[in-house]
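Q: This is the structure, below, for whatever I ask next.
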Number of protein chains: 4
Amino acid sequence: MSDPFWPGDERAGGLFTGPALLAAMVRVEAAWLSALVSAGIAGSGALDDLSGLAGERDVPSVCDGAEGGGNPVIPLVSLLRERLRDRNPDAATWLHRGLTSQDVLDTALMLCVHDVLERLRAELVAQAGALVTLAGTHRGSLMVGRTLTQHAVPITFGLKAATWLTGILDAADDLDTVDFPAQIGGAAGTLAAPTALAERAGLTDPPRRAVELTERTARLLGLRARTPWHTTRAPVTRIGDGLVRCTDAFGHIAGDLLTLARPEIGELSEPAETGRGRSSTMPHKANPVLSVLIHRASLAAPQTAAQLHLAAAEARDERPDGAWHLEWPALRTLARRTVVAAGQTTELVTGLRVHPDRMRATLEAAGPDVLAERRALDALPRSSPGPYPGPDPGSDPSRYLGATDLIIDAVLDRARSRTEAP
Amino acid sequence: MSDPFWPGDERAGGLFTGPALLAAMVRVEAAWLSALVSAGIAGSGALDDLSGLAGERDVPSVCDGAEGGGNPVIPLVSLLRERLRDRNPDAATWLHRGLTSQDVLDTALMLCVHDVLERLRAELVAQAGALVTLAGTHRGSLMVGRTLTQHAVPITFGLKAATWLTGILDAADDLDTVDFPAQIGGAAGTLAAPTALAERAGLTDPPRRAVELTERTARLLGLRARTPWHTTRAPVTRIGDGLVRCTDAFGHIAGDLLTLARPEIGELSEPAETGRGRSSTMPHKANPVLSVLIHRASLAAPQTAAQLHLAAAEARDERPDGAWHLEWPALRTLARRTVVAAGQTTELVTGLRVHPDRMRATLEAAGPDVLAERRALDALPRSSPGPYPGPDPGSDPSRYLGATDLIIDAVLDRARSRTEAP
Amino acid sequence: MSDPFWPGDERAGGLFTGPALLAAMVRVEAAWLSALVSAGIAGSGALDDLSGLAGERDVPSVCDGAEGGGNPVIPLVSLLRERLRDRNPDAATWLHRGLTSQDVLDTALMLCVHDVLERLRAELVAQAGALVTLAGTHRGSLMVGRTLTQHAVPITFGLKAATWLTGILDAADDLDTVDFPAQIGGAAGTLAAPTALAERAGLTDPPRRAVELTERTARLLGLRARTPWHTTRAPVTRIGDGLVRCTDAFGHIAGDLLTLARPEIGELSEPAETGRGRSSTMPHKANPVLSVLIHRASLAAPQTAAQLHLAAAEARDERPDGAWHLEWPALRTLARRTVVAAGQTTELVTGLRVHPDRMRATLEAAGPDVLAERRALDALPRSSPGPYPGPDPGSDPSRYLGATDLIIDAVLDRARSRTEAP
Amino acid sequence: MSDPFWPGDERAGGLFTGPALLAAMVRVEAAWLSALVSAGIAGSGALDDLSGLAGERDVPSVCDGAEGGGNPVIPLVSLLRERLRDRNPDAATWLHRGLTSQDVLDTALMLCVHDVLERLRAELVAQAGALVTLAGTHRGSLMVGRTLTQHAVPITFGLKAATWLTGILDAADDLDTVDFPAQIGGAAGTLAAPTALAERAGLTDPPRRAVELTERTARLLGLRARTPWHTTRAPVTRIGDGLVRCTDAFGHIAGDLLTLARPEIGELSEPAETGRGRSSTMPHKANPVLSVLIHRASLAAPQTAAQLHLAAAEARDERPDGAWHLEWPALRTLARRTVVAAGQTTELVTGLRVHPDRMRATLEAAGPDVLAERRALDALPRSSPGPYPGPDPGSDPSRYLGATDLIIDAVLDRARSRTEAP
């Protein structure tokens with residue numbers, strides 16, 4: 001996988017690619033087949049883990065066959081049946097029995113997303129670690145706070161790092177709430193076919209057996225069982241929202257870097273990796289490309305996630321007439337790009353170069369303005385008759401940092417409590 | 001409030017209107033003033049609940065003054081100070097001391113949203129109640145399941161109602177996770193001004209006192225305390241995502257109604273309220289206007305919620321240069337429209353007219369096709385040698401409902417467990 | 001009209017407000033009535049310009065009645081008929097005959113948009129004028145070109161102004177292509193009712209007469225005649241796209257200002273109007289609020305315009321089941337906000353303060369880096385054996401401006417040719 | 001190229017793929033090199049059409065190198081220089097001299113889009129042809145008009161086909177307005193490097209020569225010359241808007257098909273190609289997959305096109321810090337998907353199966369309701385004293401078609417005038 005239209009795409013490796021989707025669909029079929037055998041519906045001879053039956057080489061033919069039925073499951077099942085015919089005719093017979101295309105595809109998407117979120121969680125942990133360090137190290141690195149682009153009052157870079165960290169922790173909290181249900185409902189979400197299979201196999205209480213088949217399959221795949229969600233798409237929108245909250249947090253950091261790494265400000269620089277940030281014609285340039293690429297991702301993500309909501313709202317009948325199909329590429333694109341941006345953000349915060357001298361210089365150049373608010377407070381009457389216990393801050397901005405350290409502490413505590421959670 | 005461009009807008013009444021925002025901002029200022037007095041920073045004479053000082057009549061002048069500083073807080077504070085000068089000069093002096101515009105506006109937005117979510121929760125409860133009844137009543141109302149617009153296999157209307165209910169329960173679960181933090185950080189999120197005020201008042205450990213001021217203010221307003229979130233906007237995006245998940249669920253229901261109320265299908269009708277659904281020229285028409293208007297809302301919401309994510313990603317410096325300002329109208333519009341759509345959905349599901357005879361007729365007309373899947377299963381070998389215990393379904397579609405009842409039960413259980421939760 | 005959630009909203013005055021929509025709908029009904037009389041379908045006694053019959057005071061009741069039929073036309077027609085009953089019973093009889101709600105609303109929207117575009121064109125002319133002046137005045141104001149936030153090669157502020165101007169001219173060109181069709185098609189776009197009216201009046205070739213009625217009505221309203229476009233919504237999406245291209249151009253300018261007005265850069269400042277840009281607590285601040293508010297608008301517009309495309313794509317049957325309703329508020333909001341941003345942009349570019357000394361200082365501080373590209377070219381072989389005619393640029397950045405002046409000239413020519421066009 | 005997440009993707013073949021982009025970038029470099037030679041800046045030995053130097057096999061390595069500088073031009077230029085070193089050292093020396101990455105990439109994007117639009121135009125012509133035939137053939141095929149999902153008044157299928165055709169003609173008109181400028185401006189849009197090259201070559205009036213270089217290069221590539229548009233992105237947004245207007249028109253058609261092909265309505269069917277529309281489990285099904293997939297595309301396109309506007313609004317400095325990068329994948333995705341949807345729409349309208357008998361049956365079943373409007377008109381007074389010339393329509397809906405035929409004629413005339421245009 002490589003995409004010249006999305007520099008950095010290779011960071012997402014094989015996650016949620018065409019081959020990954022195909023492999024995940026095969027896993028779903030294998031798990032269901034196994035469940036059919038376990039339940040006694042299919043004979044034990046039908047057991048087959050389908051390994052090696054289909055792979056990356058088959059992606060083109062599956063794609064070519066996808067338009068006919070509107071999804072890639074139909075050609076994949078044909079291909080698997082064809083190849084099983086010699087290797088395991090019983091498996092060929094029982095493959096996919098009781099499932100519908102949407103079962104296979106939705107569940108495969110969850111498997112792909114699951115891998116993505118595992119990777120994202122690791123990135124968030126790495127980012128949080130780097131930011132904890134930055135917040136601690138730069139607790140005393142005074143800089144000017146900026147609001148609406150103008151100088152406001154003093155802050156420290158430690159506080160800014162803690163604010164970035166807050167965004168990362170919020171995103172991590174949100175990812176924690178995402179879960180991954182398997183989708184197994186049959187043609188119209190009634191489990192009619194699995195129930196009929198159980199009935200034909202002479203099992204007692206066939207509907208209950210059908211539900212158990214779905215539970216066993218979910219368990220085999222490491223997913224949660226849930227009543228069919230062919231047209232109730234919260235499982236999908238929750239993932240999309242969780243992903244865009246990550247890019248929100250990354251974009252926030254990249255945006256600050258893009259401002260603070262301007263040469264006129266120069267308070268931060270991107271990591272100094274050889275060759276990063278080159279220009280095709282200007283030998284002196286060191287562009288903040290990580291931040292540029294993260295910024296790009298954070299601009300793109302909201303509208304991609306919105307497509308998932310649109311799809312959810314347009315879910316009609318027992319399977320929608322286009323809204324469902326809209327979800328697959330949106331989720332894929334959003335997921336891969338979030339992984340890429342996560343990796344770039346980790347590299348950015350881990351290798352970030354901080355220039356406290358420049359921060360201090362800006363603050364000094366800003367002069368008395370950044371203490372104007374403080375001086376305005378002096379015009380207020382004092383409610384206590386006693387002597388004024390605190391000295392006038394004079395021109396020392398470090399005397400006007402308020403509760404900055406307490407706020408940093410609170411964020412660091414929050415980070416720590418996440419780490420120490422079971 | 002009434003908006004000819006959004007029929008039904010009046011359902012949202014005074015929620016999140018201009019006057020509501022103004023009132024909420026006044027509440028924030030009053031709570032902060034009270035906290036200053038309690039802490040001994042302002043003298044007890046400064047206590048003033050600000051009641052009656054500003055109201056709906058002042059909205060135009062606050063609006064006129066809003067462009068100058070870029071937000072409505074600045075003109076409101078001027079107006080309040082002016083009016084307090086005679087009534088309570090001490091309050092005039094201490095009003096807004098230690099706060100920044102964003103503190104007041106963000107916290108006021110949370111108060112407005114809080115009222116919206118209370119209303120939404122009540123609507124969701126009402127909807128869930130109606131859907132529980134429908135799912136139970138129509139457990140045996142056979143209808144055809146439709147996928148990709150075509151007839152698939154039999155379902156019951158009870159199952160469809162349970163599916164709608166799943167969407168509502170998902171939305172309700174998501175709203176449960178939303179919380180409402182107060183925003184108090186001062187000019188750059190350091191609490192520098194409140195700390196200075198505490199220092200000038202001779203209080204010990206002024207930073208700690210400043211943090212306590214924020215906590216007390218949050219408590220007075222019924223909000224949660226949180227470290228400043230001027231540029232970490234998850235509190236806002238979580239609300240936006242929660243709202244759009246509501247319209248997703250509403251749109252799903254309305255979409256089904258719009259299909260099933262087509263005269264050629266006729267399986268459902270909107271409530272028969274007099275005058276609803278009239279045409280300006282065609283006396284016979286009864287348009288499904290509730291569903292049309294809900295559908296509209298569900299098409300609009302995703303892109304509005306996406307604006308909140310864009311704003312979150314673009315949050316730069318210690319206060320953003322436009323992204324923050326983008327949030328206010330997006331949140332207002334999304335919130336009011338969700339309330340309107342919620343009310344319309346409640347009316348729709350509460351008064352829904354179900355036509356089981358038409359459902360049954362469609363199923364019969366569909367004929368043997370809807371059992372084709374079932375018959376295809378008969379071609380499979382049986383793994384058990386025993387006699388086939390289940391009779392052939394023949395042409396009776398009720399014999400091919402699979403686990404429909406178990407699925408309905410699971411959804412009803414879920415609904416019940418929400419109701420019975422403390 | 002005033003909206004505390006959108007500071008500056010009052011700049012759009014009465015354009016495209018509820019009352020404006022109501023007035024426009026009345027105009028449409030009056031024009032149609034007049035056409036009916038002219039054609040001899042209604043007697044001359046039915047002529048009534050409907051003036052004074054309904055106005056701002058009626059907006060609330062029209063709104064309250066709008067949900068019942070799903071649009072504001074139905075209650076407005078009832079109200080007009082009611083009030084005409086005494087004043088002109090014939091007009092009461094003939095009012096709205098042959099029209100459908102969508103005819104009235106779509107045509108009224110075009111009237112509202114027409115006024116908006118007239119205003120926008122005037123703003124664009126004013127902006128172009130100011131930018132022509134800036135480009136000319138600052139043809140020699142050297143500054144550093146910035147790419148990916150970093151210093152690149154020298155430019156002049158004249159070139160930057162010319163680039164901004166290019167955006168404005170592009171937007172103006174696009175608005176020139178927008179046209180305003182009337183919508184008159186009757187219930188399902190067949191003109192069945194007007195044809196029947198012509199037939200009953202004994203007119204020859206009734207269908208032709210019906211088409212002529214639509215043409216006359218369009219002419220009376222200053223709109224173009226077009227075959228019914230109830231479900232072919234290019235007239236709407238073209239307007240939306242035209243509006244967002246305006247905010248794109250405004251946002252581009254505001255974005256540059258927000259960077260260049262940062263205190264560390266200080267090359268541009270917003271107009272120094274008293275009181276603009278104040279902070280609620282920091283007396284020294286002069287926030288670039290015009291640019292902040294323009295930036296906000298340019299972030300919001302794309303997703304609003306996208307709703308119009310979604311509506312166009314979802315136009316089903318002979319009138320859509322929600323997509324049409326989605327257009328009204330999207331168009332209204334987009335139009336008003338574009339007008340507001342246009343006014344702010346005019347104020348910004350008209351009063352812009354340019355600091356060539358700071359520009360020059362930045363360039364000098366950038367030092368030899370901005371000529372690095374130039375020096376790299378010196379490593380290339382020369383194809384001509386003759387003496388090198390041009391002196392080495394040395395350290396003088398004005399020697400490395402390339403075709404800057406020619407490019408400025410080309411843009412100024414383009415501006416001039418627009419002005420001189422008939 | 002094949003994408004299992006977007007069934008039908010293979011219809012777009014090699015258009016706007018990674019290899020296509022690479023080939024287009026090579027074309028841009030070759031044209032520029034040729035212009036340098038023609039101008040006498042590079043010696044004639046430097047002429048090289050770069051053919052065979054880089055191709056599909058190099059996409060992965062170009063991608064891998066793209067993140068470092070943030071775009072694929074930098075690694076491509078390195079690769080080309082490396083390979084030219086042996087084959088043509090002079091060309092290696094002069095390659096890319098005077099260009100900047102954005103010049104190459106923007107111009108290459110235009111080349112890719114150009115091919116896409118050529119294909120789209122052919123599809124629109126084919127669609128228009130098929131719809132002209134349908135409108136003519138079914139001029140007399142009566143059907144019920146539907147508004148807000150309910151039966152309104154009679155129409156003909158010819159009118160519906162003419163309405164679809166209107167959408168296609170609107171889209172074609174819009175594509176006609178798109179033009180394709182080359183982008184050549186150098187590092188900051190000043191043509192400084194080409195001017196310096198001209199100067200070093202001893203050419204007179206070097207800035208003019210630099211501009212001529214850009215004009216010649218544009219001509220060689222079949223593109224239009226334009227002043228640099230690095231940050232004025234109307235050329236891009238116009239294309240995006242033109243593409244989404246195509247999918248709007250396609251979605252409109254597909255939406256109608258999805259309704260009218262429902263089994264309960266059955267008035268239209270998709271082309272009966274073998275194997276199209278199969279289900280993975282239900283042997284009887286014939287899903288309208290073309291329409292489903294077109295519908296999907298029309299839901300996705302608006303938000304993708306909106307990203308281009310966002311990028312345009314966020315274009316800062318002399319090259320943006322992420323907004324530019326956002327455009328490439330958005331344009332690529334939008335373009336390919338529009339081509340795919342166009343092909344599916346052509347197949348749909350060319351092979352559409354129309355069932356006039358079902359249309360007529362629906363209309364008859366609708367009964368007197370569809371003439372209710374007509375009867376309501378009979379209550380109106382007649383202005384003319386003469387005998388009523390037109391017979392009562394009675395129960396014959398064909399008597400209530402109004403100006404349907406005139407409207408069809410007007411649309412067919414419009415289609416014809418496009419075809420006959422030079």
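Chains: A, B, ... in order of the structure tokens. Residues: from 1 per chain. Ligands: from 1, in order shown.
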Fewer than 4 positions away in the same chain doesn't count, so skip those; otherwise give me all residues within 10 Å of Leu401 in chain C, counting only C-alpha atoms, as a list in words.

A: Leu142, Val153, Pro154, Ile155, Thr156, Pro397 and Asp405 of chain C; Ala188, Gly189, Thr190, Leu191, Ala192, Ala193, Thr195, Ala196 and Pro207 of chain D

Q: Include C-alpha atoms and write out the residues we just selected as a compact mmCIF listing (two decimals), in the first residue's frame.

A:
```
# COMPACT_ATOMS: atom_id res chain seq x y z
CA LEU C 142 9.44 44.24 -0.27
CA VAL C 153 12.06 34.02 -1.45
CA PRO C 154 11.29 37.77 -1.59
CA ILE C 155 7.96 39.06 -2.80
CA THR C 156 6.28 42.44 -2.52
CA PRO C 397 16.52 40.87 -2.33
CA ASP C 405 5.57 43.34 -11.57
CA ALA D 188 6.61 32.02 -4.03
CA GLY D 189 4.72 32.76 -7.21
CA THR D 190 7.15 35.41 -8.50
CA LEU D 191 8.87 33.43 -11.26
CA ALA D 192 12.11 34.55 -9.65
CA ALA D 193 14.07 31.47 -10.63
CA THR D 195 13.69 35.07 -14.51
CA ALA D 196 17.16 34.52 -13.11
CA PRO D 207 10.81 38.72 -16.55
```

Q: Residues within 10 Å of Gln150 in chain D, please, as a list in words. Count only C-alpha atoms; anything in the same chain fewer than 3 positions from it doesn't count.

A: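 Counting only C-alpha atoms, the residues come to Leu258, Ala261, Arg262, Pro263, Glu264, Lys285, Ala286, Asn287 and Pro288 of chain B; Asp317, Glu318, Arg319 and Asp321 of chain C; Val144, Gly145, Arg146, Thr147 and Val153 of chain D.
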
Q: With a cut-off of 10 Å and counting only C-alpha atoms, select all residues of chain D in contact with chain B and give the selection as an MDAnalysis selection string.

A: chainID D and resid 146:153 258:266 277 279:289 291:292 303 362 365:366 368:377

Q: To one decimal in Å, tell me the separation between CA of Gly185 in chain B and CA of Arg226 in chain B.

A: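 Interatomic distance here is 9.6 Å.
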
Q: Fewer than 2 positions away in the same chain doesn't count, so skip those; otherwise give me all residues within 8 Å of range 168-174 of chain C, counting only C-alpha atoms, as a VMD selection string.

A: (chain C and resid 121 124 127 to 128 164 to 166 176 to 178 242 245 to 246 249 to 250 415) or (chain D and resid 234)

Q: Can you work out the spacing between CA of Val37 in chain C and CA of Ala66 in chain C in Å, to one decimal?

A: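 These two atoms are separated by 28.6 Å.
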
Q: Can you check which residues of range 151-286 of chain B DSSP gives as alpha helix (DSSP H) on the backbone and send them as an MDAnalysis selection string?

A: chainID B and resid 157:176 192:200 206:221 234:260
